[in-house]
Amino acid sequence: MKMARRILQALMLALFLLPSCGGSGGEDVPAPKDEPKSKSDYPDPGIEKNPIVDYTKWSIHDGKFYLDGKWKFLKIAKPLTITSNPPEAQEIIDELDDMLKYHYNTVEICCSWDWYDTDGDGHLDKSTEPLRKVVDAVYAKGMYPCINLGNYSVGGNSVPEGFWSSHGDEIYAVDRNGNPVTDTEYGFGSKVVSLFNEDYLKASRQYIREIAQALDLKKVLYVETTVEPQYMGAIALDYSENARKAYNEWRKRNGISDPSSEMPETFPIPDSFVQNKTWNRFRAWYLAEWVNGDAAAWRSVAGEKAYVAVDYLETDGAEMYLRNGDSDEFLRNLTCADILQVNWHWKFTASAPNKAAYDRVYRIMKETGRDWAVSEHMTMNGSDYGFAEATLDRILENTLRSGTRFGWEFTNYRYSTTDSFTLYDSQGKPKRAMRAVDNYWGYWLHRIEEIEKESL
């Protein structure tokens, strides 16, 4: 009797459990999924001990940096530090252990022309020993040193005052009214040099060569040409005699003779010419040739295979023809770049991705067959990213969804509570924008890997 009752109980239990083991069609019911983890649940990778930094094992291809054949995502610290000043250069060296603690593996070191060549003749008249010490110290820590050149006068860097005092007004960029231009758009007030002036090109490229000659270039991963190469977005330029000469020579070489594309002889320059497609195609071509020429000056010392990074400024605004002439033409003629750093990658007014920048870059890559590593110029900086953490996450996700596999660049890596452009406070602790990265680095490494797998 007991045995029969036990058999009946077992049958009833089996009937009760049957629906949970299979559906009416006999299909397996999916196992319950793990609950999504919070960002803090992903483990911090820990500080890498004795990292390999052998320059013979570096390579950049397929949009990525590889070390000894293994893909490595770069976390790039960019301190806007006057490296010709020994105490400031030493600050970078003293902060390298903190950088490692926050998982930076790359340091981009600035060396603006006016810091090293006060008379502007292209020959260095300040010691590069502090700069060499920084490069050597970064490399010795198992990190990748990079160099940022600054030899223009729009957006923060300056042409040496000595260059201006030794030349006349012919070296100025000229606006449509015939007036010399200063950097009012970015608020620095620096005098803007004409990119078409031969004396400027000769002196600035001599400076580039001498900076390169001063360093152990085996230790330098890449060089970045001057910040955000452009004309200007708020002022139409350049209508100097230097520009006129270069434009007329270009028209002649290309067999262009239609009257509508001739540069007017008198000021003010009318809208019909400011917006002329031929004129702006020339401006785009020349802008790219200027960058190519600077890269060639570096490679004349570093070798033809030296890696070069170039900023690409794209606001997706109506003023872009003023900045670049014709953005497609600029990118088509930009033959020197290995790394293309997009700026701006986020629309601040709309709090939305700026897809136009990436889309244009990828379209030109497909058209030309180039293998650019795509990244951002200032993935985040201290002053423009005062958003809530959820928005900061969207910004970083957008860079990855837009194809960034090379690395993220963070500017300005300096310690100051009062300087809004810095990313760390006076005690070296991350401010709001960097907390969204540094506090969850394990999570972001996970997202980088996951999004890469999704794209394959």
# chains A, B, ... in the order shown; residues from 1 in each chain; ligands from 1
>>> closest_atom_pairs(of="range 353-393 of chain A", to="range 418-438 of chain A", cutoff="8 Å", atoms="only C-alpha atoms", output="JSON lines")
{"residue": "A:Met380", "atom": "CA", "partner": "A:Ala433", "partner_atom": "CA", "distance": 7.4}
{"residue": "A:Asn381", "atom": "CA", "partner": "A:Phe421", "partner_atom": "CA", "distance": 6.4}
{"residue": "A:Gly382", "atom": "CA", "partner": "A:Phe421", "partner_atom": "CA", "distance": 4.1}
{"residue": "A:Ser383", "atom": "CA", "partner": "A:Phe421", "partner_atom": "CA", "distance": 4.7}
{"residue": "A:Tyr385", "atom": "CA", "partner": "A:Ala433", "partner_atom": "CA", "distance": 6.2}
{"residue": "A:Gly386", "atom": "CA", "partner": "A:Ala433", "partner_atom": "CA", "distance": 6.6}
{"residue": "A:Phe387", "atom": "CA", "partner": "A:Ala433", "partner_atom": "CA", "distance": 7.5}
{"residue": "A:Glu389", "atom": "CA", "partner": "A:Ala436", "partner_atom": "CA", "distance": 6.1}
{"residue": "A:Leu392", "atom": "CA", "partner": "A:Ala436", "partner_atom": "CA", "distance": 6.8}
{"residue": "A:Asp393", "atom": "CA", "partner": "A:Ala436", "partner_atom": "CA", "distance": 7.2}
>>> write_last_selection(atoms="N, CA and C atoms", output="PDB file, in the first residue's frame")
ATOM      1  N   MET A 380      37.433  63.325 -24.376  1.00  0.00           N
ATOM      2  CA  MET A 380      36.823  64.197 -23.366  1.00  0.00           C
ATOM      3  C   MET A 380      37.859  65.217 -22.935  1.00  0.00           C
ATOM      4  N   ASN A 381      37.381  66.412 -22.600  1.00  0.00           N
ATOM      5  CA  ASN A 381      38.232  67.401 -21.945  1.00  0.00           C
ATOM      6  C   ASN A 381      37.542  67.869 -20.665  1.00  0.00           C
ATOM      7  N   GLY A 382      38.213  68.730 -19.942  1.00  0.00           N
ATOM      8  CA  GLY A 382      37.691  69.098 -18.634  1.00  0.00           C
ATOM      9  C   GLY A 382      36.526  70.056 -18.642  1.00  0.00           C
ATOM     10  N   SER A 383      36.376  70.865 -19.683  1.00  0.00           N
ATOM     11  CA  SER A 383      35.391  71.946 -19.621  1.00  0.00           C
ATOM     12  C   SER A 383      34.122  71.707 -20.423  1.00  0.00           C
ATOM     13  N   TYR A 385      32.454  68.747 -20.941  1.00  0.00           N
ATOM     14  CA  TYR A 385      31.731  67.504 -20.671  1.00  0.00           C
ATOM     15  C   TYR A 385      31.155  67.470 -19.254  1.00  0.00           C
ATOM     16  N   GLY A 386      30.471  68.521 -18.888  1.00  0.00           N
ATOM     17  CA  GLY A 386      29.868  68.595 -17.564  1.00  0.00           C
ATOM     18  C   GLY A 386      28.501  67.944 -17.507  1.00  0.00           C
ATOM     19  N   PHE A 387      28.381  66.762 -18.067  1.00  0.00           N
ATOM     20  CA  PHE A 387      27.098  66.070 -18.155  1.00  0.00           C
ATOM     21  C   PHE A 387      26.930  65.081 -17.005  1.00  0.00           C
ATOM     22  N   GLU A 389      26.330  61.317 -15.518  1.00  0.00           N
ATOM     23  CA  GLU A 389      27.069  60.099 -15.862  1.00  0.00           C
ATOM     24  C   GLU A 389      26.417  59.340 -17.013  1.00  0.00           C
ATOM     25  N   LEU A 392      27.518  60.908 -20.203  1.00  0.00           N
ATOM     26  CA  LEU A 392      28.926  60.601 -20.447  1.00  0.00           C
ATOM     27  C   LEU A 392      29.072  59.175 -20.977  1.00  0.00           C
ATOM     28  N   ASP A 393      28.286  58.257 -20.443  1.00  0.00           N
ATOM     29  CA  ASP A 393      28.301  56.885 -20.957  1.00  0.00           C
ATOM     30  C   ASP A 393      27.870  56.844 -22.422  1.00  0.00           C
TER      31      ASP A 393
END
>>> select_by_dssp(residues="range 262-444 of chain A", states="alpha helix (DSSP H)", output="PyMOL selection string")
chain A and resi 271-274+277-302+320-324+327-332+355-368+389-401+432-438+441-444
>>> write_last_selection(atoms="C-alpha atoms", output="compact mmCIF listing (two decimals), in the first residue's frame")
# COMPACT_ATOMS: atom_id res chain seq x y z
CA ASP A 271 30.17 86.39 -51.16
CA SER A 272 30.19 85.07 -54.71
CA PHE A 273 33.94 84.45 -54.42
CA VAL A 274 34.07 83.52 -50.72
CA LYS A 277 33.55 76.11 -55.37
CA THR A 278 36.83 76.32 -57.27
CA TRP A 279 38.35 78.65 -54.68
CA ASN A 280 37.24 76.39 -51.83
CA ARG A 281 38.48 73.27 -53.58
CA PHE A 282 41.87 74.96 -53.79
CA ARG A 283 41.74 75.93 -50.10
CA ALA A 284 40.96 72.30 -49.15
CA TRP A 285 43.77 70.96 -51.32
CA TYR A 286 46.24 73.46 -49.90
CA LEU A 287 45.20 72.78 -46.29
CA ALA A 288 45.91 69.08 -46.82
CA GLU A 289 49.22 69.86 -48.54
CA TRP A 290 50.24 72.01 -45.57
CA VAL A 291 49.63 69.08 -43.20
CA ASN A 292 51.34 66.66 -45.59
CA GLY A 293 54.35 68.97 -45.74
CA ASP A 294 54.63 69.14 -41.94
CA ALA A 295 54.43 65.35 -41.75
CA ALA A 296 57.12 65.08 -44.43
CA ALA A 297 59.40 67.36 -42.37
CA TRP A 298 59.03 64.99 -39.39
CA ARG A 299 59.53 61.88 -41.50
CA SER A 300 62.65 63.34 -43.10
CA VAL A 301 64.24 62.65 -39.69
CA ALA A 302 62.05 59.88 -38.25
CA MET A 320 32.56 74.16 -42.63
CA TYR A 321 33.54 75.57 -46.04
CA LEU A 322 35.20 78.44 -44.17
CA ARG A 323 37.19 76.02 -42.02
CA ASN A 324 38.26 73.43 -44.60
CA SER A 327 35.95 68.71 -46.36
CA ASP A 328 35.85 65.82 -48.83
CA GLU A 329 38.65 67.37 -50.87
CA PHE A 330 40.70 67.99 -47.72
CA LEU A 331 40.42 64.35 -46.64
CA ARG A 332 41.06 63.01 -50.15
CA LYS A 355 27.73 61.18 -36.92
CA ALA A 356 28.65 63.40 -39.87
CA ALA A 357 32.29 63.55 -38.80
CA TYR A 358 32.73 59.78 -38.66
CA ASP A 359 30.56 59.16 -41.72
CA ARG A 360 32.63 61.47 -43.90
CA VAL A 361 35.90 59.92 -42.72
CA TYR A 362 34.71 56.37 -43.40
CA ARG A 363 33.30 57.33 -46.79
CA ILE A 364 36.64 58.79 -47.88
CA MET A 365 38.47 55.77 -46.46
CA LYS A 366 36.31 53.50 -48.59
CA GLU A 367 36.76 55.71 -51.64
CA THR A 368 40.55 55.90 -51.32
CA GLU A 389 27.07 60.10 -15.86
CA ALA A 390 24.42 58.57 -18.12
CA THR A 391 25.19 61.11 -20.86
CA LEU A 392 28.93 60.60 -20.45
CA ASP A 393 28.30 56.89 -20.96
CA ARG A 394 26.39 57.68 -24.16
CA ILE A 395 29.28 59.78 -25.41
CA LEU A 396 31.81 57.01 -24.84
CA GLU A 397 29.49 54.37 -26.29
CA ASN A 398 29.05 56.55 -29.37
CA THR A 399 32.80 56.65 -29.99
CA LEU A 400 32.91 52.85 -29.91
CA ARG A 401 29.75 52.43 -31.99
CA ARG A 432 33.21 64.34 -12.87
CA ALA A 433 34.00 63.52 -16.51
CA MET A 434 36.96 61.30 -15.67
CA ARG A 435 35.18 59.53 -12.81
CA ALA A 436 32.82 58.08 -15.45
CA VAL A 437 35.90 56.50 -17.04
CA ASP A 438 38.39 55.87 -14.24
CA TRP A 441 37.69 50.99 -16.38
CA GLY A 442 36.96 47.26 -16.11
CA TYR A 443 33.48 47.89 -17.48
CA TRP A 444 34.78 49.98 -20.39
>>> atom_distance(atom1="CA of Val134 in chain A", atom2="CA of Ile208 in chain A")
17.9 Å
>>> closest_residue(among="A:Glu170, A:Glu91, A:Asp54, A:Asp62", to="Arg414 in chain A", atoms="only C-alpha atoms")
A:Glu91
>>> closest_residue(among="A:Phe267, A:Phe196, A:Tyr415, A:Tyr102", to="Ile47 in chain A", atoms="only C-alpha atoms")
A:Tyr102
>>> select_by_dssp(residues="range 40-262 of chain A", states="strand (DSSP E)", output="number ranges by chain")
A: 58-61, 64-67, 70-71, 74-78, 106-112, 144-150, 222-224
>>> write_last_selection(atoms="N, CA and C atoms", output="CSV table (one decimal), in the first residue's frame")
chain,number,residue,atom,x,y,z
A,58,TRP,N,55.7,47.3,-32.1
A,58,TRP,CA,54.5,48.2,-32.3
A,58,TRP,C,54.1,48.1,-33.8
A,59,SER,N,52.8,48.1,-34.0
A,59,SER,CA,52.2,48.3,-35.3
A,59,SER,C,50.8,48.9,-35.2
A,60,ILE,N,50.4,49.6,-36.3
A,60,ILE,CA,49.1,50.2,-36.4
A,60,ILE,C,48.5,49.7,-37.7
A,61,HIS,N,47.4,49.0,-37.7
A,61,HIS,CA,46.7,48.6,-38.9
A,61,HIS,C,45.3,48.2,-38.5
A,64,LYS,N,43.6,49.8,-35.5
A,64,LYS,CA,44.0,49.4,-34.1
A,64,LYS,C,45.5,49.5,-33.9
A,65,PHE,N,45.9,49.6,-32.7
A,65,PHE,CA,47.3,49.5,-32.3
A,65,PHE,C,47.5,48.1,-31.8
A,66,TYR,N,48.7,47.5,-32.2
A,66,TYR,CA,49.0,46.2,-31.8
A,66,TYR,C,50.4,46.2,-31.2
A,67,LEU,N,50.5,45.4,-30.1
A,67,LEU,CA,51.8,45.2,-29.4
A,67,LEU,C,52.1,43.8,-29.5
A,70,LYS,N,49.2,41.7,-30.6
A,70,LYS,CA,48.0,41.6,-29.9
A,70,LYS,C,47.4,43.0,-29.8
A,71,TRP,N,46.1,43.1,-30.1
A,71,TRP,CA,45.4,44.4,-30.1
A,71,TRP,C,45.4,45.0,-28.7
A,74,LEU,N,44.3,52.0,-26.6
A,74,LEU,CA,45.1,53.1,-25.9
A,74,LEU,C,44.3,54.0,-25.1
A,75,LYS,N,44.7,54.2,-23.9
A,75,LYS,CA,44.2,55.3,-23.0
A,75,LYS,C,45.2,56.4,-22.9
A,76,ILE,N,44.9,57.5,-23.6
A,76,ILE,CA,46.0,58.5,-23.9
A,76,ILE,C,45.8,59.7,-23.0
A,77,ALA,N,46.8,60.0,-22.2
A,77,ALA,CA,46.8,61.2,-21.4
A,77,ALA,C,47.5,62.3,-22.2
A,78,LYS,N,46.9,63.5,-22.2
A,78,LYS,CA,47.4,64.6,-22.9
A,78,LYS,C,47.6,65.8,-22.0
A,106,THR,N,49.5,55.5,-22.6
A,106,THR,CA,50.1,56.4,-23.6
A,106,THR,C,50.1,57.9,-23.1
A,107,VAL,N,51.1,58.6,-23.4
A,107,VAL,CA,51.2,60.0,-23.0
A,107,VAL,C,51.6,60.8,-24.2
A,108,GLU,N,50.7,61.8,-24.6
A,108,GLU,CA,51.0,62.7,-25.7
A,108,GLU,C,51.6,64.0,-25.1
A,109,ILE,N,52.8,64.2,-25.6
A,109,ILE,CA,53.7,65.3,-25.0
A,109,ILE,C,53.7,66.5,-25.9
A,110,CYS,N,53.3,67.7,-25.4
A,110,CYS,CA,53.2,68.8,-26.3
A,110,CYS,C,54.6,69.5,-26.4
A,111,CYS,N,54.8,70.1,-27.6
A,111,CYS,CA,56.1,70.9,-27.7
A,111,CYS,C,55.8,72.0,-28.8
A,112,SER,N,55.1,73.0,-28.4
A,112,SER,CA,54.8,74.1,-29.2
A,112,SER,C,56.0,74.9,-29.7
A,144,TYR,N,53.7,54.5,-23.8
A,144,TYR,CA,54.0,54.9,-25.2
A,144,TYR,C,54.1,56.4,-25.3
A,145,PRO,N,55.3,57.0,-25.5
A,145,PRO,CA,55.3,58.4,-25.6
A,145,PRO,C,54.9,58.8,-27.1
A,146,CYS,N,54.2,59.9,-27.2
A,146,CYS,CA,53.8,60.5,-28.5
A,146,CYS,C,54.1,62.0,-28.4
A,147,ILE,N,54.3,62.6,-29.5
A,147,ILE,CA,54.6,64.0,-29.6
A,147,ILE,C,53.5,64.8,-30.3
A,148,ASN,N,53.1,65.9,-29.7
A,148,ASN,CA,52.2,66.8,-30.4
A,148,ASN,C,52.9,68.1,-30.8
A,149,LEU,N,52.9,68.4,-32.1
A,149,LEU,CA,53.6,69.6,-32.6
A,149,LEU,C,52.6,70.7,-32.5
A,150,GLY,N,53.0,71.9,-32.3
A,150,GLY,CA,52.2,73.1,-32.3
A,150,GLY,C,52.9,74.2,-33.0
A,222,TYR,N,53.9,57.9,-32.1
A,222,TYR,CA,53.4,58.7,-33.2
A,222,TYR,C,53.6,60.2,-32.9
A,223,VAL,N,53.5,61.0,-34.0
A,223,VAL,CA,53.6,62.4,-33.9
A,223,VAL,C,52.2,62.9,-34.3
A,224,GLU,N,51.7,63.9,-33.6
A,224,GLU,CA,50.4,64.6,-34.1
A,224,GLU,C,50.8,66.0,-34.6
>>> atom_distance(atom1="CA of Gly63 in chain A", atom2="CA of Pro45 in chain A")
23.6 Å
>>> atom_distance(atom1="CA of His345 in chain A", atom2="CA of Thr404 in chain A")
11.0 Å
>>> decode(residues="range 257-301 of chain A", atoms="C-alpha atoms", output="PDB file, in the first residue's frame")
ATOM      1  CA  SER A 257      40.617  79.930 -66.523  1.00  0.00           C
ATOM      2  CA  ASP A 258      36.929  80.714 -66.004  1.00  0.00           C
ATOM      3  CA  PRO A 259      36.462  84.356 -64.891  1.00  0.00           C
ATOM      4  CA  SER A 260      34.094  83.455 -62.016  1.00  0.00           C
ATOM      5  CA  SER A 261      36.899  81.688 -60.170  1.00  0.00           C
ATOM      6  CA  GLU A 262      39.401  84.558 -60.432  1.00  0.00           C
ATOM      7  CA  MET A 263      40.301  86.157 -57.108  1.00  0.00           C
ATOM      8  CA  PRO A 264      39.017  89.779 -57.001  1.00  0.00           C
ATOM      9  CA  GLU A 265      41.671  92.473 -57.117  1.00  0.00           C
ATOM     10  CA  THR A 266      40.093  94.698 -54.466  1.00  0.00           C
ATOM     11  CA  PHE A 267      38.478  94.415 -51.031  1.00  0.00           C
ATOM     12  CA  PRO A 268      35.961  93.618 -49.729  1.00  0.00           C
ATOM     13  CA  ILE A 269      35.807  90.134 -51.234  1.00  0.00           C
ATOM     14  CA  PRO A 270      32.185  89.423 -52.270  1.00  0.00           C
ATOM     15  CA  ASP A 271      30.167  86.389 -51.157  1.00  0.00           C
ATOM     16  CA  SER A 272      30.187  85.067 -54.714  1.00  0.00           C
ATOM     17  CA  PHE A 273      33.942  84.451 -54.418  1.00  0.00           C
ATOM     18  CA  VAL A 274      34.070  83.522 -50.720  1.00  0.00           C
ATOM     19  CA  GLN A 275      31.657  80.688 -51.577  1.00  0.00           C
ATOM     20  CA  ASN A 276      33.117  79.870 -55.007  1.00  0.00           C
ATOM     21  CA  LYS A 277      33.550  76.110 -55.371  1.00  0.00           C
ATOM     22  CA  THR A 278      36.827  76.323 -57.270  1.00  0.00           C
ATOM     23  CA  TRP A 279      38.348  78.645 -54.681  1.00  0.00           C
ATOM     24  CA  ASN A 280      37.242  76.385 -51.827  1.00  0.00           C
ATOM     25  CA  ARG A 281      38.479  73.266 -53.582  1.00  0.00           C
ATOM     26  CA  PHE A 282      41.874  74.958 -53.791  1.00  0.00           C
ATOM     27  CA  ARG A 283      41.738  75.925 -50.100  1.00  0.00           C
ATOM     28  CA  ALA A 284      40.964  72.301 -49.150  1.00  0.00           C
ATOM     29  CA  TRP A 285      43.771  70.962 -51.325  1.00  0.00           C
ATOM     30  CA  TYR A 286      46.242  73.461 -49.897  1.00  0.00           C
ATOM     31  CA  LEU A 287      45.205  72.781 -46.290  1.00  0.00           C
ATOM     32  CA  ALA A 288      45.906  69.084 -46.821  1.00  0.00           C
ATOM     33  CA  GLU A 289      49.217  69.862 -48.541  1.00  0.00           C
ATOM     34  CA  TRP A 290      50.243  72.012 -45.574  1.00  0.00           C
ATOM     35  CA  VAL A 291      49.625  69.084 -43.195  1.00  0.00           C
ATOM     36  CA  ASN A 292      51.337  66.657 -45.588  1.00  0.00           C
ATOM     37  CA  GLY A 293      54.348  68.972 -45.737  1.00  0.00           C
ATOM     38  CA  ASP A 294      54.628  69.144 -41.942  1.00  0.00           C
ATOM     39  CA  ALA A 295      54.433  65.348 -41.750  1.00  0.00           C
ATOM     40  CA  ALA A 296      57.123  65.082 -44.426  1.00  0.00           C
ATOM     41  CA  ALA A 297      59.396  67.357 -42.370  1.00  0.00           C
ATOM     42  CA  TRP A 298      59.027  64.989 -39.388  1.00  0.00           C
ATOM     43  CA  ARG A 299      59.527  61.876 -41.503  1.00  0.00           C
ATOM     44  CA  SER A 300      62.654  63.344 -43.102  1.00  0.00           C
ATOM     45  CA  VAL A 301      64.237  62.650 -39.693  1.00  0.00           C
TER      46      VAL A 301
END
